[in-house]
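Single-structure report; data block below.
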Amino acid sequence: MKLVKYSNKEPVYYYNTNKQVTIPNTYKEKPFRAMWVSNVANIDLPTLDDPTYKQQVLTMLDTCQRYNLNAIFFQVRTTNDAFYASKLNPYSRFFTGEEGKKPPFDVFAWIIKEAHKRHIEVHAWCNPFRISFDGKLSIEDYLATCDDLNFAKQHPDTIMLDKKGKLILNPGDKDVRDFIVESMRELTTNYDIDGIHFDDYFYPYSGLDDRYDDHNEFSAQEKTLGDFRRDNINQTMQGVYKAIKKEKPQIAFGISPFGIWKNQTKENYGSHTDPKCSESYYNQYADTLAWIKGDYVDYIVPQIYWEFGHHIAPFADICDFWCDVCKATSTKLYIGHGAYRLGNEGEFSNPLEIVDQVKYANQKDEVSGNVFFTYKTFIDKDKAYDGMQALKKLLLKSNT
(Lines give C-alpha, C1' and ligand atoms only; values in the text may rest on other atoms or scores of the structure.)
Protein backbone atom coordinates (compact mmCIF):
# COMPACT_ATOMS: atom_id res chain seq x y z
CA MET A 1 0.00 0.00 0.00
CA LYS A 2 1.39 3.39 -1.00
CA LEU A 3 1.24 5.60 2.10
CA VAL A 4 -0.61 8.91 2.00
CA LYS A 5 -1.16 11.50 4.71
CA TYR A 6 -4.32 11.02 6.74
CA SER A 7 -5.09 14.73 6.77
CA ASN A 8 -4.90 15.59 3.08
CA LYS A 9 -4.16 12.33 1.22
CA GLU A 10 -0.86 13.68 -0.10
CA PRO A 11 1.82 11.02 -0.72
CA VAL A 12 4.25 10.33 2.15
CA TYR A 13 7.81 10.30 0.84
CA TYR A 14 11.11 9.34 2.39
CA TYR A 15 12.89 12.45 3.62
CA ASN A 16 14.02 14.78 0.81
CA THR A 17 13.12 12.28 -1.94
CA ASN A 18 10.26 11.61 -4.30
CA LYS A 19 10.16 7.95 -3.27
CA GLN A 20 6.84 7.11 -1.65
CA VAL A 21 6.74 5.00 1.52
CA THR A 22 5.02 1.64 1.08
CA ILE A 23 3.28 -0.23 3.91
CA PRO A 24 3.17 -4.05 3.61
CA ASN A 25 -0.27 -5.60 3.29
CA THR A 26 0.61 -8.30 5.81
CA TYR A 27 1.86 -8.23 9.39
CA LYS A 28 4.94 -10.19 10.36
CA GLU A 29 4.94 -11.06 14.05
CA LYS A 30 8.25 -10.63 15.87
CA PRO A 31 9.35 -12.64 18.93
CA PHE A 32 9.49 -9.70 21.37
CA ARG A 33 6.38 -7.59 22.04
CA ALA A 34 6.37 -5.30 25.06
CA MET A 35 5.08 -2.21 26.81
CA TRP A 36 6.70 0.30 29.13
CA VAL A 37 5.08 0.61 32.57
CA SER A 38 6.00 4.05 33.86
CA ASN A 39 6.00 4.56 37.61
CA VAL A 40 7.63 7.99 37.90
CA ALA A 41 4.99 10.47 39.11
CA ASN A 42 2.61 7.44 39.15
CA ILE A 43 1.94 7.78 35.43
CA ASP A 44 0.73 4.19 35.00
CA LEU A 45 0.17 2.82 38.51
CA PRO A 46 -0.72 4.39 41.88
CA THR A 47 1.19 4.17 45.13
CA LEU A 48 0.74 1.12 47.32
CA ASP A 49 -1.67 2.89 49.67
CA ASP A 50 -4.28 2.67 46.91
CA PRO A 51 -6.39 -0.38 47.89
CA THR A 52 -6.74 -1.32 44.21
CA TYR A 53 -2.97 -1.47 43.57
CA LYS A 54 -2.70 -5.26 43.30
CA GLN A 55 -5.77 -5.48 41.11
CA GLN A 56 -4.38 -2.74 38.86
CA VAL A 57 -1.15 -4.71 38.43
CA LEU A 58 -3.09 -7.85 37.55
CA THR A 59 -5.20 -5.86 35.09
CA MET A 60 -2.00 -4.58 33.51
CA LEU A 61 -0.67 -8.12 33.08
CA ASP A 62 -4.02 -9.30 31.73
CA THR A 63 -3.92 -6.42 29.27
CA CYS A 64 -0.57 -7.67 28.03
CA GLN A 65 -2.15 -11.02 27.29
CA ARG A 66 -5.11 -9.45 25.54
CA TYR A 67 -2.70 -7.60 23.25
CA ASN A 68 -0.47 -10.64 22.70
CA LEU A 69 2.47 -8.97 24.45
CA ASN A 70 5.09 -11.12 26.14
CA ALA A 71 7.20 -8.61 28.09
CA ILE A 72 6.99 -5.49 30.25
CA PHE A 73 9.59 -2.85 31.02
CA PHE A 74 8.55 -2.19 34.63
CA GLN A 75 10.11 0.97 36.05
CA VAL A 76 11.85 0.16 39.34
CA ARG A 77 14.31 3.07 39.67
CA THR A 78 12.67 6.43 38.94
CA THR A 79 14.62 9.03 40.93
CA ASN A 80 17.62 7.39 42.60
CA ASP A 81 15.30 5.08 44.50
CA ALA A 82 13.87 1.56 44.32
CA PHE A 83 10.62 -0.37 43.86
CA TYR A 84 12.34 -3.40 45.36
CA ALA A 85 14.21 -4.38 48.53
CA SER A 86 17.64 -2.77 48.45
CA LYS A 87 20.52 -2.10 50.81
CA LEU A 88 21.77 0.64 48.47
CA ASN A 89 18.62 2.57 47.53
CA PRO A 90 15.55 3.70 49.50
CA TYR A 91 12.03 2.70 48.56
CA SER A 92 10.55 5.19 46.11
CA ARG A 93 8.11 7.93 47.06
CA PHE A 94 6.18 6.92 43.92
CA PHE A 95 5.91 3.39 45.32
CA THR A 96 5.10 3.68 49.01
CA GLY A 97 4.10 7.36 49.16
CA GLU A 98 7.16 8.39 51.17
CA GLU A 99 10.79 7.80 50.25
CA GLY A 100 12.25 5.06 52.43
CA LYS A 101 8.92 3.76 53.72
CA LYS A 102 8.92 -0.05 53.67
CA PRO A 103 6.08 -1.84 51.86
CA PRO A 104 4.12 -4.59 53.61
CA PHE A 105 5.64 -7.30 51.41
CA ASP A 106 8.05 -7.71 48.49
CA VAL A 107 5.77 -6.32 45.82
CA PHE A 108 8.27 -6.50 42.97
CA ALA A 109 8.91 -10.20 43.61
CA TRP A 110 5.14 -10.74 43.52
CA ILE A 111 4.83 -8.83 40.21
CA ILE A 112 7.59 -10.95 38.67
CA LYS A 113 5.88 -14.14 39.86
CA GLU A 114 2.49 -13.07 38.46
CA ALA A 115 4.04 -12.04 35.16
CA HIS A 116 5.93 -15.30 34.78
CA LYS A 117 2.71 -17.23 35.44
CA ARG A 118 1.44 -15.59 32.26
CA HIS A 119 4.71 -16.22 30.38
CA ILE A 120 5.47 -12.49 30.40
CA GLU A 121 9.09 -11.37 30.77
CA VAL A 122 9.93 -8.64 33.30
CA HIS A 123 12.71 -6.20 32.44
CA ALA A 124 13.59 -3.92 35.34
CA TRP A 125 13.52 -0.40 33.89
CA CYS A 126 16.00 1.90 35.62
CA ASN A 127 16.90 5.56 35.34
CA PRO A 128 20.58 5.49 36.27
CA PHE A 129 21.37 9.17 36.91
CA ARG A 130 18.12 11.05 37.65
CA ILE A 131 17.65 12.24 41.24
CA SER A 132 14.57 14.48 40.98
CA PHE A 133 11.64 14.49 38.58
CA ASP A 134 11.15 18.28 38.53
CA GLY A 135 13.12 21.38 39.47
CA LYS A 136 10.71 22.93 41.94
CA LEU A 137 13.03 22.60 44.96
CA SER A 138 16.60 23.66 45.63
CA ILE A 139 19.23 20.98 46.19
CA GLU A 140 19.01 21.44 49.95
CA ASP A 141 15.24 21.43 50.08
CA TYR A 142 14.93 18.37 47.84
CA LEU A 143 17.50 16.38 49.80
CA ALA A 144 15.51 17.15 52.95
CA THR A 145 12.66 15.11 51.42
CA CYS A 146 14.96 12.14 50.78
CA ASP A 147 15.62 9.12 52.96
CA ASP A 148 19.05 8.88 54.59
CA LEU A 149 19.86 5.86 52.40
CA ASN A 150 19.66 7.99 49.24
CA PHE A 151 23.11 8.08 47.63
CA ALA A 152 22.69 11.74 46.64
CA LYS A 153 21.88 12.71 50.21
CA GLN A 154 24.94 10.84 51.43
CA HIS A 155 27.13 12.33 48.69
CA PRO A 156 25.82 15.81 47.82
CA ASP A 157 29.12 16.60 46.10
CA THR A 158 28.09 14.20 43.29
CA ILE A 159 24.98 16.23 42.37
CA MET A 160 24.61 18.26 39.19
CA LEU A 161 21.70 20.47 38.11
CA ASP A 162 20.18 20.82 34.69
CA LYS A 163 19.03 24.17 33.36
CA LYS A 164 15.51 23.51 34.70
CA GLY A 165 16.73 22.86 38.23
CA LYS A 166 16.40 19.06 38.15
CA LEU A 167 18.98 17.09 40.12
CA ILE A 168 21.07 14.35 38.49
CA LEU A 169 24.09 12.32 39.55
CA ASN A 170 27.37 13.30 37.92
CA PRO A 171 28.43 10.58 35.42
CA GLY A 172 31.97 11.97 35.55
CA ASP A 173 32.35 10.89 39.18
CA LYS A 174 33.76 7.37 39.52
CA ASP A 175 31.88 6.82 42.77
CA VAL A 176 28.62 7.48 40.93
CA ARG A 177 29.49 5.03 38.17
CA ASP A 178 30.48 2.38 40.71
CA PHE A 179 27.25 2.97 42.67
CA ILE A 180 25.12 2.45 39.57
CA VAL A 181 26.99 -0.74 38.69
CA GLU A 182 26.58 -2.11 42.21
CA SER A 183 22.88 -1.18 42.24
CA MET A 184 22.37 -3.19 39.06
CA ARG A 185 24.41 -6.07 40.45
CA GLU A 186 22.20 -6.16 43.56
CA LEU A 187 19.01 -6.10 41.48
CA THR A 188 20.30 -8.84 39.20
CA THR A 189 21.35 -11.05 42.11
CA ASN A 190 18.21 -10.72 44.23
CA TYR A 191 15.38 -10.87 41.70
CA ASP A 192 14.26 -13.32 39.03
CA ILE A 193 14.16 -10.66 36.32
CA ASP A 194 14.62 -11.30 32.61
CA GLY A 195 16.43 -8.08 31.84
CA ILE A 196 17.66 -4.67 32.99
CA HIS A 197 16.57 -1.74 30.88
CA PHE A 198 17.87 1.85 30.76
CA ASP A 199 16.01 4.66 29.03
CA ASP A 200 17.35 7.86 27.44
CA TYR A 201 18.11 9.96 30.53
CA PHE A 202 21.89 10.22 30.50
CA TYR A 203 23.15 13.82 30.42
CA PRO A 204 20.06 16.05 30.62
CA TYR A 205 18.08 17.17 27.57
CA SER A 206 18.05 20.79 28.74
CA GLY A 207 21.81 21.00 29.37
CA LEU A 208 23.68 21.57 32.62
CA ASP A 209 23.49 24.51 34.97
CA ASP A 210 26.78 26.42 34.89
CA ARG A 211 27.05 26.42 38.69
CA TYR A 212 26.57 22.69 39.25
CA ASP A 213 28.15 20.80 36.38
CA ASP A 214 31.06 18.43 35.67
CA HIS A 215 33.79 20.91 34.79
CA ASN A 216 35.88 20.05 37.86
CA GLU A 217 36.11 16.44 36.70
CA PHE A 218 36.64 17.50 33.10
CA SER A 219 39.46 19.94 33.87
CA ALA A 220 41.86 17.06 34.50
CA GLN A 221 41.17 15.48 31.09
CA GLU A 222 43.06 15.77 27.83
CA LYS A 223 40.00 14.96 25.69
CA THR A 224 37.17 17.20 24.50
CA LEU A 225 34.22 17.83 26.81
CA GLY A 226 31.97 15.82 24.48
CA ASP A 227 34.34 12.86 24.39
CA PHE A 228 34.76 13.05 28.17
CA ARG A 229 31.02 12.87 28.73
CA ARG A 230 30.46 10.09 26.21
CA ASP A 231 33.26 8.11 27.80
CA ASN A 232 31.59 8.48 31.22
CA ILE A 233 28.37 7.01 29.84
CA ASN A 234 30.24 4.29 27.95
CA GLN A 235 32.13 3.26 31.10
CA THR A 236 28.86 3.04 33.02
CA MET A 237 27.14 0.93 30.37
CA GLN A 238 30.12 -1.39 30.04
CA GLY A 239 30.39 -1.78 33.80
CA VAL A 240 26.70 -2.60 34.14
CA TYR A 241 26.85 -5.13 31.31
CA LYS A 242 29.84 -6.93 32.85
CA ALA A 243 28.26 -6.98 36.31
CA ILE A 244 25.00 -8.43 34.99
CA LYS A 245 26.71 -11.11 32.93
CA LYS A 246 28.99 -12.10 35.81
CA GLU A 247 26.02 -12.70 38.10
CA LYS A 248 23.47 -14.10 35.64
CA PRO A 249 24.60 -14.39 32.01
CA GLN A 250 21.06 -15.14 30.84
CA ILE A 251 19.74 -11.72 31.87
CA ALA A 252 19.54 -9.23 29.00
CA PHE A 253 20.80 -5.66 29.20
CA GLY A 254 19.02 -3.20 26.95
CA ILE A 255 18.90 0.54 26.38
CA SER A 256 16.26 2.80 24.83
CA PRO A 257 18.02 5.83 23.33
CA PHE A 258 16.47 8.94 21.83
CA GLY A 259 15.46 8.05 18.28
CA ILE A 260 18.07 10.16 16.47
CA TRP A 261 21.73 9.35 17.09
CA LYS A 262 23.18 11.70 14.48
CA ASN A 263 21.77 13.38 11.42
CA GLN A 264 23.34 12.26 8.17
CA THR A 265 25.70 14.81 6.62
CA LYS A 266 28.63 14.68 4.24
CA GLU A 267 30.87 14.29 7.29
CA ASN A 268 28.71 12.08 9.51
CA TYR A 269 27.02 8.73 9.31
CA GLY A 270 23.50 9.09 10.65
CA SER A 271 19.80 8.93 9.97
CA HIS A 272 18.28 10.63 6.95
CA THR A 273 16.80 13.43 9.06
CA ASP A 274 17.02 17.20 9.00
CA PRO A 275 20.26 18.72 10.38
CA LYS A 276 18.13 20.75 12.78
CA CYS A 277 17.01 17.59 14.61
CA SER A 278 18.35 16.97 18.10
CA GLU A 279 21.07 14.30 18.24
CA SER A 280 21.64 12.05 21.25
CA TYR A 281 25.36 11.72 20.44
CA TYR A 282 25.86 15.43 21.11
CA ASN A 283 23.03 16.30 23.51
CA GLN A 284 22.73 13.32 25.87
CA TYR A 285 26.27 12.11 25.06
CA ALA A 286 24.81 8.70 24.31
CA ASP A 287 26.99 6.91 21.78
CA THR A 288 24.67 4.04 21.00
CA LEU A 289 26.84 2.82 18.14
CA ALA A 290 29.78 2.43 20.52
CA TRP A 291 27.67 0.21 22.79
CA ILE A 292 26.68 -1.96 19.85
CA LYS A 293 30.17 -2.18 18.39
CA GLY A 294 31.62 -2.83 21.85
CA ASP A 295 29.17 -5.69 22.30
CA TYR A 296 28.03 -4.60 25.75
CA VAL A 297 24.34 -4.21 25.09
CA ASP A 298 22.00 -7.09 24.22
CA TYR A 299 19.27 -4.99 22.65
CA ILE A 300 18.37 -1.42 21.83
CA VAL A 301 14.93 0.19 21.61
CA PRO A 302 15.29 3.51 19.76
CA GLN A 303 12.38 5.79 20.61
CA ILE A 304 11.02 6.57 17.15
CA TYR A 305 8.09 8.62 18.37
CA TRP A 306 7.50 10.59 15.16
CA GLU A 307 4.97 9.91 12.44
CA PHE A 308 5.65 8.79 8.87
CA GLY A 309 4.77 12.21 7.54
CA HIS A 310 6.92 14.23 9.93
CA HIS A 311 8.59 17.06 8.01
CA ILE A 312 12.09 16.66 9.46
CA ALA A 313 12.16 13.34 11.38
CA PRO A 314 10.04 10.78 9.50
CA PHE A 315 9.51 7.36 11.03
CA ALA A 316 10.53 5.28 8.00
CA ASP A 317 13.91 6.96 7.50
CA ILE A 318 14.83 6.61 11.18
CA CYS A 319 13.69 3.00 11.33
CA ASP A 320 15.79 2.19 8.25
CA PHE A 321 18.84 3.80 9.87
CA TRP A 322 18.64 1.63 12.98
CA CYS A 323 18.17 -1.46 10.85
CA ASP A 324 21.39 -0.59 9.07
CA VAL A 325 23.15 -0.02 12.41
CA CYS A 326 22.16 -3.42 13.82
CA LYS A 327 22.71 -5.39 10.64
CA ALA A 328 25.27 -8.19 11.11
CA THR A 329 25.67 -7.45 14.85
CA SER A 330 24.70 -9.43 17.95
CA THR A 331 22.49 -6.59 19.23
CA LYS A 332 18.77 -7.14 18.86
CA LEU A 333 16.71 -4.24 17.54
CA TYR A 334 13.30 -3.53 19.04
CA ILE A 335 11.42 -0.49 17.74
CA GLY A 336 10.02 1.95 20.31
CA HIS A 337 6.60 3.23 19.22
CA GLY A 338 4.95 6.39 20.59
CA ALA A 339 1.47 4.92 21.01
CA TYR A 340 0.72 7.60 23.60
CA ARG A 341 0.49 10.12 20.74
CA LEU A 342 -2.48 8.38 19.11
CA GLY A 343 -5.43 10.73 18.77
CA ASN A 344 -3.29 13.87 18.81
CA GLU A 345 -3.67 16.46 16.07
CA GLY A 346 -1.89 15.83 12.79
CA GLU A 347 -0.96 12.41 11.47
CA PHE A 348 -1.45 10.72 14.85
CA SER A 349 -5.15 11.45 14.46
CA ASN A 350 -4.96 8.50 12.06
CA PRO A 351 -6.01 5.41 14.07
CA LEU A 352 -3.73 3.30 11.84
CA GLU A 353 -0.53 5.32 12.39
CA ILE A 354 0.98 2.87 14.90
CA VAL A 355 -0.43 -0.14 13.04
CA ASP A 356 1.33 1.06 9.88
CA GLN A 357 4.55 1.67 11.84
CA VAL A 358 4.53 -1.88 13.18
CA LYS A 359 3.83 -3.38 9.75
CA TYR A 360 6.57 -1.26 8.18
CA ALA A 361 9.18 -2.05 10.85
CA ASN A 362 8.41 -5.74 11.04
CA GLN A 363 9.03 -6.37 7.36
CA LYS A 364 12.71 -5.76 8.19
CA ASP A 365 14.81 -8.80 9.07
CA GLU A 366 16.88 -6.72 11.50
CA VAL A 367 13.83 -5.88 13.65
CA SER A 368 13.23 -8.40 16.45
CA GLY A 369 10.37 -6.74 18.29
CA ASN A 370 8.15 -3.79 19.15
CA VAL A 371 7.75 -1.84 22.39
CA PHE A 372 4.93 0.61 23.09
CA PHE A 373 4.86 3.66 25.36
CA THR A 374 3.07 3.58 27.71
CA TYR A 375 0.73 1.18 29.58
CA LYS A 376 -2.02 3.72 30.32
CA THR A 377 -2.50 4.14 26.55
CA PHE A 378 -3.62 0.49 26.38
CA ILE A 379 -6.51 1.17 28.74
CA ASP A 380 -7.33 4.63 27.40
CA LYS A 381 -11.02 5.06 26.59
CA ASP A 382 -10.57 8.49 25.04
CA LYS A 383 -8.49 9.78 22.14
CA ALA A 384 -6.16 6.76 21.74
CA TYR A 385 -8.93 4.16 21.91
CA ASP A 386 -9.55 3.61 18.19
CA GLY A 387 -5.85 3.39 17.41
CA MET A 388 -5.20 0.94 20.23
CA GLN A 389 -8.10 -1.26 19.19
CA ALA A 390 -6.64 -1.37 15.69
CA LEU A 391 -3.26 -2.27 17.19
CA LYS A 392 -4.80 -5.07 19.26
CA LYS A 393 -6.43 -6.50 16.16
CA LEU A 394 -3.07 -6.44 14.39
CA LEU A 395 -1.09 -8.00 17.23
CA LEU A 396 -3.57 -10.84 17.55
CA LYS A 397 -3.02 -11.66 13.88
CA SER A 398 -0.03 -13.68 12.68
CA ASN A 399 1.10 -14.22 9.11
CA THR A 400 4.36 -15.94 9.95
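Labels for the C-alpha coordinates follow display order: chains A, B, ..., residues from 1 in each chain, ligands from 1.
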
Just the residues within 12 Å of A:Lys117, please, counting only C-alpha atoms, with nothing from its chain fewer than 6 positions along; format it as a ChimeraX atom specification. /A:58,61-62,65,70,110-111

Write a file of the just-selected residues containing N, CA and C atoms, as an mmCIF file, in the first residue's frame.
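As a result, again-v8.cif now contains:
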```
data_model
loop_
_atom_site.group_PDB
_atom_site.id
_atom_site.type_symbol
_atom_site.label_atom_id
_atom_site.label_comp_id
_atom_site.auth_asym_id
_atom_site.auth_seq_id
_atom_site.Cartn_x
_atom_site.Cartn_y
_atom_site.Cartn_z
ATOM 1 N N LEU A 58 -2.565 -6.668 38.237
ATOM 2 C CA LEU A 58 -3.094 -7.853 37.552
ATOM 3 C C LEU A 58 -3.822 -7.464 36.265
ATOM 4 N N LEU A 61 -1.202 -6.874 33.632
ATOM 5 C CA LEU A 61 -0.673 -8.119 33.075
ATOM 6 C C LEU A 61 -1.707 -8.807 32.177
ATOM 7 N N ASP A 62 -2.961 -8.746 32.580
ATOM 8 C CA ASP A 62 -4.019 -9.304 31.733
ATOM 9 C C ASP A 62 -4.127 -8.538 30.415
ATOM 10 N N GLN A 65 -1.677 -9.802 27.951
ATOM 11 C CA GLN A 65 -2.147 -11.021 27.295
ATOM 12 C C GLN A 65 -3.193 -10.726 26.230
ATOM 13 N N ASN A 70 4.419 -10.108 25.314
ATOM 14 C CA ASN A 70 5.095 -11.118 26.136
ATOM 15 C C ASN A 70 6.204 -10.546 27.012
ATOM 16 N N TRP A 110 6.491 -10.273 43.842
ATOM 17 C CA TRP A 110 5.139 -10.744 43.518
ATOM 18 C C TRP A 110 4.780 -10.424 42.067
ATOM 19 N N ILE A 111 5.126 -9.219 41.603
ATOM 20 C CA ILE A 111 4.835 -8.829 40.213
ATOM 21 C C ILE A 111 5.552 -9.757 39.241
#
```

DSSP on the backbone, then: every residue of stretch 47-139 of chain A marked strand (DSSP E), written as a tab-separated table (two decimals) with N, CA and C atoms, in the first residue's frame.
```
chain	number	residue	atom	x	y	z
A	71	ALA	N	6.19	-9.22	27.22
A	71	ALA	CA	7.20	-8.61	28.09
A	71	ALA	C	6.72	-7.25	28.57
A	72	ILE	N	7.20	-6.86	29.75
A	72	ILE	CA	6.99	-5.49	30.25
A	72	ILE	C	8.33	-4.91	30.67
A	73	PHE	N	8.48	-3.61	30.45
A	73	PHE	CA	9.59	-2.85	31.02
A	73	PHE	C	9.00	-2.12	32.22
A	74	PHE	N	9.17	-2.71	33.41
A	74	PHE	CA	8.55	-2.19	34.63
A	74	PHE	C	9.54	-1.29	35.35
A	75	GLN	N	9.18	-0.02	35.50
A	75	GLN	CA	10.11	0.97	36.05
A	75	GLN	C	10.31	0.75	37.55
A	76	VAL	N	11.55	0.46	37.94
A	76	VAL	CA	11.85	0.16	39.34
A	76	VAL	C	12.84	1.14	39.96
A	77	ARG	N	13.47	1.99	39.14
A	77	ARG	CA	14.31	3.07	39.67
A	77	ARG	C	13.92	4.33	38.90
A	121	GLU	N	7.78	-11.75	30.25
A	121	GLU	CA	9.09	-11.37	30.77
A	121	GLU	C	8.98	-10.05	31.54
A	122	VAL	N	9.85	-9.89	32.55
A	122	VAL	CA	9.93	-8.64	33.30
A	122	VAL	C	11.34	-8.09	33.16
A	123	HIS	N	11.44	-6.92	32.54
A	123	HIS	CA	12.71	-6.20	32.44
A	123	HIS	C	12.63	-5.02	33.41
A	124	ALA	N	13.57	-4.97	34.32
A	124	ALA	CA	13.59	-3.92	35.34
A	124	ALA	C	14.10	-2.63	34.70
A	125	TRP	N	13.21	-1.67	34.55
A	125	TRP	CA	13.52	-0.40	33.89
A	125	TRP	C	14.09	0.57	34.93
A	126	CYS	N	15.29	1.05	34.67
A	126	CYS	CA	16.00	1.90	35.62
A	126	CYS	C	16.45	3.21	34.98
```

Under the rule of at most 10 Å, produce a per-residue listing of stretch 240-263 of chain A near stretch 336-344 of chain A: chain, number, name, the closest pair of atoms, and the distance in Å, as a tab-separated table, using only C-alpha atoms.
```
residue	atom	partner	partner_atom	distance
A:Ser256	CA	A:Gly336	CA	7.8
A:Pro257	CA	A:Gly336	CA	9.4
A:Phe258	CA	A:Gly336	CA	9.6
A:Gly259	CA	A:Gly336	CA	8.4
```

Would you please work out which residue, of A:Thr236, A:Thr189, A:Asn8, A:Ser38, is nearest to A:Asp175 when using only C-alpha atoms?
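For A:Asp175, the nearest of the candidates is A:Thr236.
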
Notebook entry, point to check: Quick one: residues within 7 Å of stretch 240-251 of chain A, only C-alpha atoms counted, chain neighbours fewer than 5 positions away excluded, as a PyMOL selection string?
Noted result: chain A and resi 181+184-185+188-189+194-195+296-297

Across A:Phe378, A:Asp386, A:Glu140, A:Ile255, the smallest distance to A:Tyr67, with only C-alpha atoms counted, is shown by A:Phe378

Would you pick out the contacts of stretch 366-371 of chain A at 7 Å or less, using only C-alpha atoms, so that residues sharing its chain but fewer than 3 positions from it are not included, and give the list as a PyMOL selection string? chain A and resi 30-35+323+326-327+332-337+361-362

Mind writing the picked residues with N, CA and C atoms as a PDB file, in the first residue's frame?
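Listing of part.pdb after writing:
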```pdb
ATOM      1  N   LYS A  30       6.888 -10.494  15.373  1.00  0.00           N
ATOM      2  CA  LYS A  30       8.249 -10.631  15.870  1.00  0.00           C
ATOM      3  C   LYS A  30       8.237 -11.268  17.258  1.00  0.00           C
ATOM      4  N   PRO A  31       9.367 -11.865  17.674  1.00  0.00           N
ATOM      5  CA  PRO A  31       9.352 -12.643  18.925  1.00  0.00           C
ATOM      6  C   PRO A  31       9.209 -11.819  20.195  1.00  0.00           C
ATOM      7  N   PHE A  32       9.512 -10.518  20.148  1.00  0.00           N
ATOM      8  CA  PHE A  32       9.487  -9.703  21.371  1.00  0.00           C
ATOM      9  C   PHE A  32       8.446  -8.597  21.200  1.00  0.00           C
ATOM     10  N   ARG A  33       7.461  -8.567  22.107  1.00  0.00           N
ATOM     11  CA  ARG A  33       6.378  -7.593  22.035  1.00  0.00           C
ATOM     12  C   ARG A  33       6.119  -7.088  23.456  1.00  0.00           C
ATOM     13  N   ALA A  34       6.336  -5.786  23.681  1.00  0.00           N
ATOM     14  CA  ALA A  34       6.372  -5.302  25.062  1.00  0.00           C
ATOM     15  C   ALA A  34       5.735  -3.926  25.203  1.00  0.00           C
ATOM     16  N   MET A  35       5.506  -3.558  26.462  1.00  0.00           N
ATOM     17  CA  MET A  35       5.076  -2.205  26.808  1.00  0.00           C
ATOM     18  C   MET A  35       5.946  -1.671  27.938  1.00  0.00           C
ATOM     19  N   CYS A 323      18.005  -0.135  11.455  1.00  0.00           N
ATOM     20  CA  CYS A 323      18.171  -1.461  10.849  1.00  0.00           C
ATOM     21  C   CYS A 323      19.569  -1.605  10.271  1.00  0.00           C
ATOM     22  N   CYS A 326      22.158  -2.119  13.140  1.00  0.00           N
ATOM     23  CA  CYS A 326      22.159  -3.422  13.818  1.00  0.00           C
ATOM     24  C   CYS A 326      22.412  -4.595  12.887  1.00  0.00           C
ATOM     25  N   LYS A 327      22.473  -4.330  11.605  1.00  0.00           N
ATOM     26  CA  LYS A 327      22.714  -5.393  10.636  1.00  0.00           C
ATOM     27  C   LYS A 327      24.046  -6.083  10.923  1.00  0.00           C
ATOM     28  N   LYS A 332      20.126  -7.063  19.369  1.00  0.00           N
ATOM     29  CA  LYS A 332      18.765  -7.142  18.857  1.00  0.00           C
ATOM     30  C   LYS A 332      18.161  -5.741  18.776  1.00  0.00           C
ATOM     31  N   LEU A 333      17.367  -5.519  17.751  1.00  0.00           N
ATOM     32  CA  LEU A 333      16.711  -4.236  17.539  1.00  0.00           C
ATOM     33  C   LEU A 333      15.212  -4.372  17.786  1.00  0.00           C
ATOM     34  N   TYR A 334      14.739  -3.658  18.805  1.00  0.00           N
ATOM     35  CA  TYR A 334      13.305  -3.528  19.043  1.00  0.00           C
ATOM     36  C   TYR A 334      12.936  -2.076  18.740  1.00  0.00           C
ATOM     37  N   ILE A 335      11.827  -1.846  18.077  1.00  0.00           N
ATOM     38  CA  ILE A 335      11.420  -0.493  17.735  1.00  0.00           C
ATOM     39  C   ILE A 335      10.516   0.070  18.827  1.00  0.00           C
ATOM     40  N   GLY A 336      10.852   1.264  19.324  1.00  0.00           N
ATOM     41  CA  GLY A 336      10.023   1.947  20.312  1.00  0.00           C
ATOM     42  C   GLY A 336       8.983   2.812  19.618  1.00  0.00           C
ATOM     43  N   HIS A 337       7.703   2.540  19.885  1.00  0.00           N
ATOM     44  CA  HIS A 337       6.599   3.227  19.224  1.00  0.00           C
ATOM     45  C   HIS A 337       5.898   4.175  20.200  1.00  0.00           C
ATOM     46  N   ALA A 361       7.970  -1.619  10.145  1.00  0.00           N
ATOM     47  CA  ALA A 361       9.182  -2.049  10.849  1.00  0.00           C
ATOM     48  C   ALA A 361       9.380  -3.556  10.758  1.00  0.00           C
ATOM     49  N   ASN A 362       8.291  -4.294  10.913  1.00  0.00           N
ATOM     50  CA  ASN A 362       8.412  -5.741  11.040  1.00  0.00           C
ATOM     51  C   ASN A 362       8.674  -6.469   9.731  1.00  0.00           C
TER      52      ASN A 362
END
```

Show me, as a CSV table (one decimal) with N, CA and C atoms, in the first residue's frame, the residues that have an atom within 10 Å of A:Asn190 when counting only C-alpha atoms, minus same-chain residues fewer than 2 positions from it.
```csv
chain,number,residue,atom,x,y,z
A,84,TYR,N,12.0,-2.1,44.9
A,84,TYR,CA,12.3,-3.4,45.4
A,84,TYR,C,13.2,-3.3,46.6
A,85,ALA,N,13.4,-4.4,47.3
A,85,ALA,CA,14.2,-4.4,48.5
A,85,ALA,C,15.7,-4.2,48.2
A,86,SER,N,16.3,-3.1,48.8
A,86,SER,CA,17.6,-2.8,48.4
A,86,SER,C,18.4,-2.3,49.7
A,109,ALA,N,8.8,-8.7,43.8
A,109,ALA,CA,8.9,-10.2,43.6
A,109,ALA,C,7.6,-10.8,43.2
A,185,ARG,N,24.0,-4.7,40.0
A,185,ARG,CA,24.4,-6.1,40.5
A,185,ARG,C,23.5,-6.6,41.5
A,186,GLU,N,23.1,-5.8,42.5
A,186,GLU,CA,22.2,-6.2,43.6
A,186,GLU,C,20.9,-6.6,43.0
A,187,LEU,N,20.3,-5.8,42.1
A,187,LEU,CA,19.0,-6.1,41.5
A,187,LEU,C,19.1,-7.4,40.7
A,188,THR,N,20.1,-7.6,40.0
A,188,THR,CA,20.3,-8.8,39.2
A,188,THR,C,20.4,-10.1,40.1
A,192,ASP,N,14.3,-12.4,40.2
A,192,ASP,CA,14.3,-13.3,39.0
A,192,ASP,C,13.8,-12.5,37.8
A,193,ILE,N,14.5,-11.5,37.5
A,193,ILE,CA,14.2,-10.7,36.3
A,193,ILE,C,14.7,-11.3,35.0
```

DSSP on the backbone, then: every residue of stretch 45-207 of chain A marked alpha helix (DSSP H), written as a ChimeraX atom specification.
/A:53-66,93-96,107-117,139-144,151-154,174-190

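Pairwise distance (atom CA of A:Phe94, atom CA of A:Thr47) equals 5.8 Å.
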